[in-house]
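Down below is the structure, laid out as structure tokens.
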Amino acid sequence: MKKLLVLGAGTAGTMAANRLRRRLDRHEWQITVVDRDDAHHYQPGYLFVPFGTYDRDDVVRSRHHFLADGIDLVLGEIARVVPDADEVVLGDGRRLGYDQLVIATGTSPRPDQTPGMDGSEWRRSIFDFYTLEGAEALAEALQAFDHGRLVVHVTEMPIKCPVAPLEFTFLADSWLRGRGLRDRVEIVYVTPLDGAFTRPVAAAHLGGMLEERKILLETDFLVEHVDPERKVLVSYDEREVPFDLLVTVPLNLGADFVSRSGLGDELSYVPVDEHTLLSVAHDNIFAIGDANDIPASKAGSVAHFAVEVFVGNFLQHVQGQPMTGSFDGHANCFVEAGDDKALLIDFNYDTEPLTGRYPLPYVGPLSLLRETRTNHVGKLAFRHVYWNVLLRGRPLPLPARMSMAGKHVPHEEA
């Protein structure tokens, strides 16, 4: 019997395993998924924990509950992959062989990579919200924060959900206004980018939203270290940004075992063909979700659309056929704007976010690059879709490839 081994039971790994279980003959293929524990986290929900909208029970479920019958779940730390032997070694010495390997172990925040970040002020005046524990600690800190300088900071790209720091900033502005504290708090958004976002049209729009809310924007800021005693961010060009409360997005890195196995780049992401998701170095290893190095957002929507392409490619690949699916980098992300409104962006490798309607051209009901209550409802409703449809590998009526229908393309001046 052939063995498919999936490393990681997060969003991409769970979706891929469930979809392939339906497509692969159970008498010919054994599917095994490996993860360190049985706790699946709905990571987009972390954003709402600091403001009391969600709590732990809203964002954590059992992993095995979402894996289809006929999929084995193995719990254990992954020590390394041995590609030449087609096996994975776990931390306790167990060895799992494979015919095909799918790496879906994501990316994680690493505050230890920035000097001073996880020092004496970590979880006291310096917080993250990319972990559940960090978001919960930040919720307590916000309750006690009634004046001063709130700095929201991104260390370096790429990061999971690149709009999340902006969302937190907009939500913090709204939350402080609701408590009558906004005039007592200065908010600063600090980014290594040259604007509020990576794409020009969206960057201009989101930057305008910051300006409307009187949020200061500090660009091109490459942090060298954090001085926890002085409560200051220090950049390589010696600029300083003082803070009373720092909400930071640490450097994001892929899983350590990826580098230990000789499979990763300098950030521990697996180099793959950006269209097929097959490893550039090994013909029986794919990397999906946040674990690979494709030039797309590390976001749940990318994992969803890419997995749809991956499944077809995988089935062709194991039958010795050319892979005909081509992932285009499609991503769409809700951006919470505060005051029960949100906007939506939809883009891919080649096309930046544009205005228009989604998913139905000219009908919507969602609006692109425009703040609406409908978009906010869509953001909150997605949690139900995630748990009950997406993870289980059930089809969603959204095409994997990005469509230009219903989008407004700005006319270039002659």
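Residue names in the structure tokens use chain letters A, B, ... in the order shown, residue numbers from 1 in each chain, and ligand numbers from 1 in the order shown.
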
For stretch 127-138 of chain A, work out the shell of residues within 7 Å, counting only C-alpha atoms and skipping chain neighbours fewer than 4 positions away, then give it as a PyMOL selection string. chain A and resi 46-47+49-50+109+122-123+142+246-249

For the residues selected in the previous step, produce a file with C-alpha atoms as a PDB file, in the first residue's frame.
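Written file, again.pdb:
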ATOM      1  CA  TYR A  46      -6.900  35.672  17.597  1.00  0.00           C
ATOM      2  CA  LEU A  47      -7.515  39.205  16.300  1.00  0.00           C
ATOM      3  CA  VAL A  49      -9.570  37.975  21.533  1.00  0.00           C
ATOM      4  CA  PRO A  50      -7.899  41.183  22.845  1.00  0.00           C
ATOM      5  CA  PRO A 109       6.123  34.143  15.320  1.00  0.00           C
ATOM      6  CA  TRP A 122       7.534  40.543  27.244  1.00  0.00           C
ATOM      7  CA  ARG A 123       3.847  40.133  28.087  1.00  0.00           C
ATOM      8  CA  LEU A 142      -5.776  46.619  27.219  1.00  0.00           C
ATOM      9  CA  LEU A 246       3.833  47.740  22.147  1.00  0.00           C
ATOM     10  CA  VAL A 247       1.795  45.288  20.075  1.00  0.00           C
ATOM     11  CA  THR A 248       4.308  43.636  17.794  1.00  0.00           C
ATOM     12  CA  VAL A 249       4.286  41.055  15.042  1.00  0.00           C
TER      13      VAL A 249
END

Can I get the residues of stretch 28-131 of chain A within 9 Å of stretch 390-402 of chain A, each with the closest pair of atoms and their distance in Å to one decimal, using only C-alpha atoms, sorted chain first then ascending number, as CSV?
residue,atom,partner,partner_atom,distance
A:Phe66,CA,A:Arg392,CA,5.9
A:Leu67,CA,A:Arg392,CA,7.0
A:Ala68,CA,A:Arg392,CA,7.4

Kindly save the residues from that selection, with N, CA and C atoms included, as a short mmCIF file (atom, residue, chain, number, x, y, z; two decimals), in the first residue's frame.
data_model
loop_
_atom_site.label_atom_id
_atom_site.label_comp_id
_atom_site.auth_asym_id
_atom_site.auth_seq_id
_atom_site.Cartn_x
_atom_site.Cartn_y
_atom_site.Cartn_z
N PHE A 66 -11.91 16.93 12.87
CA PHE A 66 -12.09 17.46 11.52
C PHE A 66 -11.44 16.60 10.45
N LEU A 67 -10.77 15.53 10.85
CA LEU A 67 -10.16 14.64 9.87
C LEU A 67 -11.14 13.53 9.50
N ALA A 68 -11.27 13.28 8.23
CA ALA A 68 -12.23 12.30 7.74
C ALA A 68 -11.87 10.89 8.17
#

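Assigned to strand (DSSP E or B) in stretch 20-55 of chain A, given DSSP computed from backbone atoms, are Trp29, Gln30, Ile31, Thr32, Val33, Val34, Asp35, Ala39, His40 and His41 of chain A.
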
Expected file: the selected residues, C-alpha atoms, as an mmCIF file, in the first residue's frame:
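Here's the written file selection-v2.cif:
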data_model
loop_
_atom_site.group_PDB
_atom_site.id
_atom_site.type_symbol
_atom_site.label_atom_id
_atom_site.label_comp_id
_atom_site.auth_asym_id
_atom_site.auth_seq_id
_atom_site.Cartn_x
_atom_site.Cartn_y
_atom_site.Cartn_z
ATOM 1 C CA TRP A 29 -3.365 4.674 -0.312
ATOM 2 C CA GLN A 30 -2.862 5.088 3.415
ATOM 3 C CA ILE A 31 -3.075 8.730 4.599
ATOM 4 C CA THR A 32 -1.384 9.776 7.838
ATOM 5 C CA VAL A 33 -1.316 13.285 9.318
ATOM 6 C CA VAL A 34 1.257 14.294 11.935
ATOM 7 C CA ASP A 35 1.041 17.157 14.410
ATOM 8 C CA ALA A 39 -5.634 21.284 19.332
ATOM 9 C CA HIS A 40 -6.637 22.990 16.073
ATOM 10 C CA HIS A 41 -6.640 26.794 16.319
#

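Minimum atom-to-atom distance to A:Pro83, evaluated using only C-alpha atoms, belongs to A:Arg260 out of A:Lys2, A:Arg260, A:His304, A:Arg63.
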
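Going from atom CA of A:Tyr42 over to atom CA of A:Asp346, you cover 21.1 Å.
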
What's around A:Gly312 at 10 Å? Count only C-alpha atoms, leave out sequence neighbours fewer than 5 positions away in its own chain, and write the answer as an NGL selection string. :A and (19-20 or 23 or 276 or 307 or 317 or 323-326)

Please provide as JSON, numbers by chain all residues within 8 Å of A:Asp38, with the sequence filter that same-chain residues fewer than 4 positions apart are discarded (counting only C-alpha atoms). {"A": [62, 63, 64, 75]}

Using the selection just defined, write its residues with C-alpha atoms as a PDB file, in the first residue's frame.
ATOM      1  CA  SER A  62      -9.898  19.020  18.458  1.00  0.00           C
ATOM      2  CA  ARG A  63      -7.858  18.247  15.334  1.00  0.00           C
ATOM      3  CA  HIS A  64      -9.081  14.670  14.970  1.00  0.00           C
ATOM      4  CA  LEU A  75       0.733  13.064  17.620  1.00  0.00           C
TER       5      LEU A  75
END

I'd like the contact shell of A:Arg149 - 7 Å cut-off, only C-alpha atoms, skipping same-chain residues fewer than 6 positions apart - returned as an mmCIF file with N, CA and C atoms, in the first residue's frame.
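File produced: around_6.cif:
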data_model
loop_
_atom_site.group_PDB
_atom_site.id
_atom_site.type_symbol
_atom_site.label_atom_id
_atom_site.label_comp_id
_atom_site.auth_asym_id
_atom_site.auth_seq_id
_atom_site.Cartn_x
_atom_site.Cartn_y
_atom_site.Cartn_z
ATOM 1 N N VAL A 185 -4.852 58.570 24.026
ATOM 2 C CA VAL A 185 -3.928 57.567 23.494
ATOM 3 C C VAL A 185 -3.444 57.976 22.105
ATOM 4 N N GLU A 186 -2.135 58.011 21.919
ATOM 5 C CA GLU A 186 -1.541 58.219 20.601
ATOM 6 C C GLU A 186 -1.257 56.845 20.000
ATOM 7 N N ILE A 187 -1.714 56.625 18.760
ATOM 8 C CA ILE A 187 -1.501 55.339 18.102
ATOM 9 C C ILE A 187 -0.515 55.534 16.947
ATOM 10 N N PHE A 243 7.344 53.739 23.194
ATOM 11 C CA PHE A 243 6.015 53.167 23.389
ATOM 12 C C PHE A 243 5.715 53.031 24.876
ATOM 13 N N ASP A 244 4.445 53.056 25.190
ATOM 14 C CA ASP A 244 3.983 52.648 26.517
ATOM 15 C C ASP A 244 3.432 51.225 26.449
ATOM 16 N N LEU A 245 2.749 50.934 25.322
ATOM 17 C CA LEU A 245 2.244 49.589 25.066
ATOM 18 C C LEU A 245 2.621 49.235 23.631
#

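Distances here use only C-alpha atoms; by that measure, the residue among A:Ile294, A:Gly119, A:Ser268, A:Ala381 closest to A:Asp256 is A:Ser268.
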
Could you pull out the alpha helix (DSSP H) residues of stretch 106-156 of chain A, going by DSSP on the backbone, and write them as a ChimeraX atom specification? /A:132-144

Can you pull out the residues contacting stretch 341-343 of chain A? Cut-off 9 Å, using only C-alpha atoms, and skip same-chain residues under 6 positions away; I want them as a ChimeraX atom specification. /A:167,333-335,366-379

Would you write out those residues with N, CA and C atoms, as a CSV table (one decimal), in the first residue's frame?
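Okay, this is what ended up in part.csv:
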chain,number,residue,atom,x,y,z
A,167,GLU,N,-5.6,45.6,10.8
A,167,GLU,CA,-6.9,45.3,11.4
A,167,GLU,C,-6.9,45.6,12.9
A,333,CYS,N,-8.9,38.8,1.4
A,333,CYS,CA,-8.8,39.0,2.9
A,333,CYS,C,-9.8,40.1,3.3
A,334,PHE,N,-10.6,39.8,4.3
A,334,PHE,CA,-11.4,40.8,5.0
A,334,PHE,C,-10.4,41.7,5.9
A,335,VAL,N,-10.7,43.0,5.9
A,335,VAL,CA,-9.9,43.9,6.7
A,335,VAL,C,-10.8,44.6,7.6
A,366,LEU,N,-20.5,41.4,-1.4
A,366,LEU,CA,-19.4,42.0,-0.7
A,366,LEU,C,-18.7,43.1,-1.6
A,367,SER,N,-18.2,44.1,-0.9
A,367,SER,CA,-17.6,45.2,-1.6
A,367,SER,C,-16.1,45.2,-1.5
A,368,LEU,N,-15.4,45.4,-2.6
A,368,LEU,CA,-13.9,45.4,-2.6
A,368,LEU,C,-13.4,46.8,-2.3
A,369,LEU,N,-12.4,46.9,-1.4
A,369,LEU,CA,-11.8,48.2,-1.0
A,369,LEU,C,-12.8,49.3,-0.6
A,370,ARG,N,-13.9,48.8,0.1
A,370,ARG,CA,-14.8,49.8,0.6
A,370,ARG,C,-15.3,49.2,1.9
A,371,GLU,N,-15.4,50.1,2.9
A,371,GLU,CA,-15.8,49.7,4.3
A,371,GLU,C,-17.4,49.6,4.3
A,372,THR,N,-17.8,48.4,4.6
A,372,THR,CA,-19.3,48.2,4.8
A,372,THR,C,-19.6,47.2,5.9
A,373,ARG,N,-20.8,47.3,6.4
A,373,ARG,CA,-21.2,46.4,7.5
A,373,ARG,C,-21.4,45.0,6.9
A,374,THR,N,-21.7,44.8,5.7
A,374,THR,CA,-21.9,43.5,5.1
A,374,THR,C,-20.5,42.8,5.1
A,375,ASN,N,-19.5,43.5,4.8
A,375,ASN,CA,-18.1,42.9,4.8
A,375,ASN,C,-17.8,42.4,6.3
A,376,HIS,N,-18.2,43.2,7.2
A,376,HIS,CA,-17.9,42.8,8.6
A,376,HIS,C,-18.7,41.6,9.0
A,377,VAL,N,-19.9,41.5,8.6
A,377,VAL,CA,-20.7,40.3,8.9
A,377,VAL,C,-20.1,39.1,8.2
A,378,GLY,N,-19.6,39.3,7.0
A,378,GLY,CA,-18.9,38.2,6.3
A,378,GLY,C,-17.7,37.7,7.0
A,379,LYS,N,-16.9,38.7,7.6
A,379,LYS,CA,-15.7,38.3,8.3
A,379,LYS,C,-16.1,37.4,9.5

Which residues come within 8 Å of A:Val232, counting only C-alpha atoms, excluding same-chain residues fewer than 4 positions away, as a VMD selection string? chain A and resid 226 to 228 240 to 243

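Taking atom CA of A:Asn252 as the reference point, atom CA of A:Arg110 is found at 5.9 Å.
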
Sorted by chain and rising residue number, list the residues of stretch 222-334 of chain A at most 8 Å from stretch 91-101 of chain A (counting only C-alpha atoms), each with its closest atom pair and distance in Å to one decimal, as JSON lines.
{"residue": "A:Asn284", "atom": "CA", "partner": "A:Gln100", "partner_atom": "CA", "distance": 5.0}
{"residue": "A:Ile285", "atom": "CA", "partner": "A:Leu101", "partner_atom": "CA", "distance": 4.8}
{"residue": "A:Phe286", "atom": "CA", "partner": "A:Leu101", "partner_atom": "CA", "distance": 6.3}

Please, could you write that set of residues out with C-alpha atoms as a PDB file, in the first residue's frame?
ATOM      1  CA  ASN A 284       7.786  13.396  -4.084  1.00  0.00           C
ATOM      2  CA  ILE A 285       7.514  16.365  -1.708  1.00  0.00           C
ATOM      3  CA  PHE A 286       4.915  19.131  -1.887  1.00  0.00           C
TER       4      PHE A 286
END

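If you measure from each of A:Asp220, A:Trp175, A:Ile103, A:Gly300 to A:Arg383 using only C-alpha atoms, the closest one turns out to be A:Gly300.
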